[in-house]
Amino acid sequence: MKRDWWKWLLGIWMTVMILGAFLYTPVAKGLGQTTRVLYFHVPSAWVATLSFFISALYSIRYLQKQNIVYDIWAASSAQIGFMFTVLATVTGSIWAKEIWQSYWNWDPRETSIFVLLLIYAAYFALRSAIEEKNQKARLAAVYSILAFVTVPFLVFVIPRIYDSLHPDPLINPERKIKMDPRMLQVFLGSLFGFTVLFYWILRIKTEIEFLKLKLSKRM
Amino acid sequence: MWHIIGMYMLNVLGMLMQPETKPVGQNIYVVLAVTLIVWLGVFFFLIYLDRQLKQVKQKVEWQEGEEKK
Amino acid sequence: MIRIEARDLQKQFNDRLIFSQINFSLQSGESLAITGPNGSGKTTLVRIISGLISPTSGQITYHINGRTYAPHEVYGVIGLVGPYLQLYLNLTAWENLEFFSRIRGVPVDKSRLKRLMAHFGLAGRELDLLKTFSSGMLQRMKYVVALIHQPEVLLVDEPTSNLDEEGSETVYQLLEEQQKDKILIVATNEPEEIRFGRKRVDVTGQK
Amino acid sequence: MNLRKSALEENVWTLLVKSNIIFQKDFHLEFRTRYAINAIILFAVISLTAVSFSIGPMQLDPPIQSAMLWIIIFFSAMSGLAHIFVREEEQQTSDTLRLVAPPTAIFLGKWVFNVVLLFSLEIIVIPLYIALLNVDVQGMGAFLTIIILGSVGLASIGTIMAAIVAQASTRGALFAVLSFPLSIPVLRSAIQGTWTAIQGGGLADCLADIQLLFSFTVVILTSSIMLFEFIWRK
């Protein structure tokens, strides 16, 4: 129990954040009550990208060391990332329906999360198509790194795609970003909480995989 | 990698500042739905992992028992 | 002077152990026979020695003129004949020879290549597509291709598969020749061929 | 000991020479069987006529015209670019190749082949496209530049993905699945640039697209060369 103190702390922390999201923060003009979606939707998207980043890092490590342990980390991180990507997409879509009146309208953020979804899907499709463990790890790592190299280019491409169709005031350098301090507190708190949550899930997932590895080695 | 999250944040921040004429987003049930989806998603994933972990642990124990014999 | 050093080679496919603790050391003028029943991993070992696949653990190194190389770095001195190495069936025999000579960086020596072809009983078939060749002829052709660059290290997996008596005789001569001052590695089960390996590695007992 | 020096030596020049030899071999083989080129051109022509047939006398808008062109090129590429590695794997010649040439030379040779394959596709398809869809290209220089850069970009992604897919069990569908997410930057800027060019934009007008296509191709190509060894060596 002693070593699990941070898990309890996380539970309390997240409870405070949820309460804060509903009771403490003010609502933003134009978004109404749906402002509160922010504290759950954005952290999901954050974890989705973070896990993609971590997966790519472990892929590089794998290619350097050829140690299957790194592949386990990379694949586990990708799997968790995929789940959070789906969560972020679904919640974002519901939110978009409420404020933009349609579930999906290909604005830059929707497009980027969609590409991330595609990359994850391709990564898992590739993994399932290869039998041999080390070969699977090698090819998946290469794919992961190539996807990682591609993503920065999307930053340049995607915002330019639809701004002619969706006059988009959202990315606007002149506009100063101001957030109510109370909102900022809960937002950052929630972001932190989700990150710890991600770490926790990653630990569980990798532990399972390590045990499976041990099991198969004994046989 | 940070750009996607950055864009999301900017998106939201921008929307906050956008002068709106139509009253939108007053639906608290949407918030409820989103929150529930996130938590249920995480929860079910944890349950799934937990079951996996238990199964694997059982197998390990069973094997260790076999080896002792 | 080439020396091949294998230390504690072990290979797994997923969790199936093919072999482990393979150790040997060979230098120019020595030969090795790899033996073991079908499916025991002879081919896998040959592929590891030639650098086509890497071992799960352990090390194989080539020491050439005082420098150390990994197997995949020395493909220039290796010649390999094996059932899993195919030639380009949609090219003619001559086009194949030309391609392999050029890619190996060996000048295309017409008379020498012709002699090689004739030596293996393929004279007159230079301009035929390889897909018209019989399996025995293809096996002979593989020897021609493997000898283009006069390899210092020759690996043969099932040397006489698909070959008739005359073909086998030619191959035995060649192996005899290679054994003298170069390195020869033969993977086989035929008693007649095992004699070409002064050293022996049995893959079966190595689990 | 007559160990040939060239047997152990590798430098940039020999790499280029060897990749050229590999390219020539593949070209020769392709010329003899015409498998990939047939598949890719038939695919493009069929989809082009299908589009033209279904719109009838209607005139498409430039954005749709340019998107159409790149969709056709992309899917044709998906039907043919994987062939270059899959063929070696299916005919069991890939191990032979591993034993005679350095990975980088192999990758470069195959890459050049795929670029040439896409170019030959375009030589046939672009005139057809202009004729069948009644496209009035006003900025020809920019149009061709974008097409060339875009196809080099697609060929780069296609080649490295083909190398991965050749070692997997389900090849056909997987190739498109893997290539599509990575091709999005290429497709997007190519469509944008083609659109600008059709409407009469010059090179300066689609500079941003050209820059992106160019830099993306360079980045993918260099990382592919670095990573190819890990795919190729088992």
# chains A, B, ... in the order shown; residues from 1 in each chain; ligands from 1
>>> interface_residues(of="chain D", to="chain A", cutoff="7 Å", atoms="only C-alpha atoms", output="ChimeraX atom specification")
/D:164,168-170,177-178,181-182,185,188-189,227,230-231
>>> residues_around(residues="region 29-41 of chain B", least_positions_apart="2", cutoff="9 Å", atoms="only C-alpha atoms", output="tab-separated table (two decimals) with C-alpha atoms, in the first residue's frame")
chain	number	residue	atom	x	y	z
A	18	ILE	CA	-13.77	17.43	-11.70
A	33	GLN	CA	-21.84	25.43	-20.02
A	34	THR	CA	-19.89	23.46	-22.61
A	35	THR	CA	-16.74	25.32	-21.58
A	36	ARG	CA	-16.37	22.59	-19.02
A	37	VAL	CA	-15.74	20.04	-21.74
A	39	TYR	CA	-11.02	20.12	-18.91
A	40	PHE	CA	-11.58	16.58	-20.18
A	41	HIS	CA	-11.34	16.81	-23.91
A	44	SER	CA	-7.27	13.42	-23.68
A	83	MET	CA	-7.54	4.75	-26.78
A	84	PHE	CA	-7.09	8.39	-25.78
A	87	LEU	CA	-11.75	9.45	-26.62
A	88	ALA	CA	-10.55	12.85	-27.79
A	90	VAL	CA	-15.51	11.29	-29.84
A	91	THR	CA	-15.72	13.97	-27.19
A	92	GLY	CA	-14.51	16.60	-29.62
A	94	ILE	CA	-19.89	15.87	-29.57
A	95	TRP	CA	-18.61	19.24	-28.54
A	98	GLU	CA	-23.00	21.61	-29.84
B	25	GLY	CA	-23.45	25.72	-25.74
B	26	GLN	CA	-25.91	26.07	-22.90
B	27	ASN	CA	-26.48	22.36	-22.87
B	43	PHE	CA	-12.38	2.96	-16.60
B	44	PHE	CA	-13.18	0.18	-19.04
B	45	PHE	CA	-9.65	0.21	-20.33
B	46	LEU	CA	-8.39	-0.20	-16.77
>>> interface_residues(of="chain C", to="chain D", cutoff="8 Å", atoms="only C-alpha atoms", output="PyMOL selection string")
chain C and resi 1+50+52-54+72-78+84-88+90-91+99-100+102-105+152
>>> residues_around(residues="Arg198 (chain C)", least_positions_apart="5", cutoff="9 Å", atoms="only C-alpha atoms", output="VMD selection string")
chain C and resid 30 to 33
>>> closest_residue(among="A:Ala48, A:Val186, A:Ile68, A:Leu57", to="chain C", atoms="only C-alpha atoms")
A:Ile68
>>> residues_around(residues="Ser20 (chain C)", least_positions_apart="3", cutoff="12 Å", atoms="only C-alpha atoms", output="ChimeraX atom specification")
/C:6-12,16-17,23,40-41,44-45,55-59,201-207
>>> interface_residues(of="chain C", to="chain A", cutoff="8 Å", atoms="only C-alpha atoms", output="short mmCIF file (atom, residue, chain, number, x, y, z; two decimals) with C-alpha atoms, in the first residue's frame")
data_model
loop_
_atom_site.label_atom_id
_atom_site.label_comp_id
_atom_site.auth_asym_id
_atom_site.auth_seq_id
_atom_site.Cartn_x
_atom_site.Cartn_y
_atom_site.Cartn_z
CA PHE C 13 12.03 -17.75 -33.73
CA ASN C 14 9.49 -16.20 -31.41
CA ASP C 15 9.92 -18.49 -28.43
#
>>> residues_around(residues="Gly82 (chain C)", least_positions_apart="3", cutoff="9 Å", atoms="only C-alpha atoms", output="VMD selection string")
chain C and resid 43 85 to 86 139 142 155 to 159
>>> closest_residue(among="A:Leu202, A:Ala78, A:Leu191, A:Ala45", to="chain B", atoms="only C-alpha atoms")
A:Ala45
>>> residues_around(residues="region 7-10 of chain A", least_positions_apart="4", cutoff="9 Å", atoms="only C-alpha atoms", output="compact mmCIF listing (two decimals) with all heavy atoms, in the first residue's frame")
# COMPACT_ATOMS: atom_id res chain seq x y z
N ARG A 3 3.63 1.98 -1.38
CA ARG A 3 4.17 2.45 -2.65
C ARG A 3 3.08 2.97 -3.57
O ARG A 3 3.35 3.57 -4.59
CB ARG A 3 4.93 1.31 -3.34
CG ARG A 3 6.32 1.13 -2.76
CD ARG A 3 6.95 -0.11 -3.31
NE ARG A 3 7.02 -0.05 -4.78
CZ ARG A 3 6.92 -1.13 -5.55
NH1 ARG A 3 6.72 -2.31 -5.02
NH2 ARG A 3 7.01 -1.02 -6.86
N MET A 14 -7.87 14.13 -9.06
CA MET A 14 -8.80 14.19 -10.18
C MET A 14 -10.21 14.53 -9.72
O MET A 14 -10.94 15.24 -10.40
CB MET A 14 -8.80 12.86 -10.93
CG MET A 14 -7.56 12.61 -11.79
SD MET A 14 -7.01 14.02 -12.74
CE MET A 14 -8.26 14.08 -14.01
N THR A 15 -10.58 14.03 -8.53
CA THR A 15 -11.89 14.39 -8.00
C THR A 15 -11.99 15.89 -7.81
O THR A 15 -12.97 16.52 -8.20
CB THR A 15 -12.12 13.68 -6.64
OG1 THR A 15 -11.69 12.33 -6.77
CG2 THR A 15 -13.56 13.73 -6.25
N GLY A 193 -3.08 15.79 -14.12
CA GLY A 193 -3.72 14.57 -13.65
C GLY A 193 -3.78 13.50 -14.73
O GLY A 193 -3.47 12.34 -14.51
N VAL A 196 -0.39 11.86 -15.32
CA VAL A 196 -0.06 10.84 -14.32
C VAL A 196 -0.88 9.58 -14.58
O VAL A 196 -0.38 8.46 -14.49
CB VAL A 196 -0.31 11.38 -12.90
CG1 VAL A 196 0.00 10.31 -11.87
CG2 VAL A 196 0.54 12.60 -12.65
N LEU A 197 -2.14 9.79 -14.94
CA LEU A 197 -3.02 8.67 -15.24
C LEU A 197 -2.42 7.84 -16.38
O LEU A 197 -2.39 6.60 -16.33
CB LEU A 197 -4.38 9.20 -15.65
CG LEU A 197 -5.50 8.17 -15.81
CD1 LEU A 197 -5.87 7.59 -14.47
CD2 LEU A 197 -6.71 8.81 -16.46
N TRP A 200 0.41 5.78 -15.19
CA TRP A 200 -0.08 4.64 -14.41
C TRP A 200 -0.54 3.51 -15.34
O TRP A 200 -0.13 2.35 -15.20
CB TRP A 200 -1.24 5.12 -13.52
CG TRP A 200 -1.79 4.10 -12.60
CD1 TRP A 200 -1.28 2.87 -12.32
CD2 TRP A 200 -2.98 4.23 -11.83
NE1 TRP A 200 -2.07 2.22 -11.42
CE2 TRP A 200 -3.12 3.03 -11.09
CE3 TRP A 200 -3.94 5.23 -11.66
CZ2 TRP A 200 -4.19 2.83 -10.22
CZ3 TRP A 200 -5.00 5.02 -10.80
CH2 TRP A 200 -5.12 3.83 -10.08
>>> atom_distance(atom1="CA of Val51 (chain D)", atom2="CA of Leu128 (chain D)")
11.9 Å
>>> select_by_dssp(residues="chain A", states="helix (DSSP H, G or I)", output="PyMOL selection string")
chain A and resi 2-24+33-65+68-100+108-128+133-161+181-218
>>> residues_around(residues="Asp209 (chain D)", least_positions_apart="3", cutoff="9 Å", atoms="only C-alpha atoms", output="number ranges by chain")
A: 157; D: 146, 186, 188-190, 192-193, 205-206, 212-214
>>> atom_distance(atom1="CA of Gln185 (chain A)", atom2="CA of Val47 (chain A)")
18.3 Å
>>> atom_distance(atom1="CA of Leu53 (chain B)", atom2="CA of Ile80 (chain A)")
15.5 Å
>>> select_by_dssp(residues="region 114-189 of chain C", states="strand (DSSP E or B)", output="MDAnalysis selection string")
chainID C and resid 129 153:157 183:187
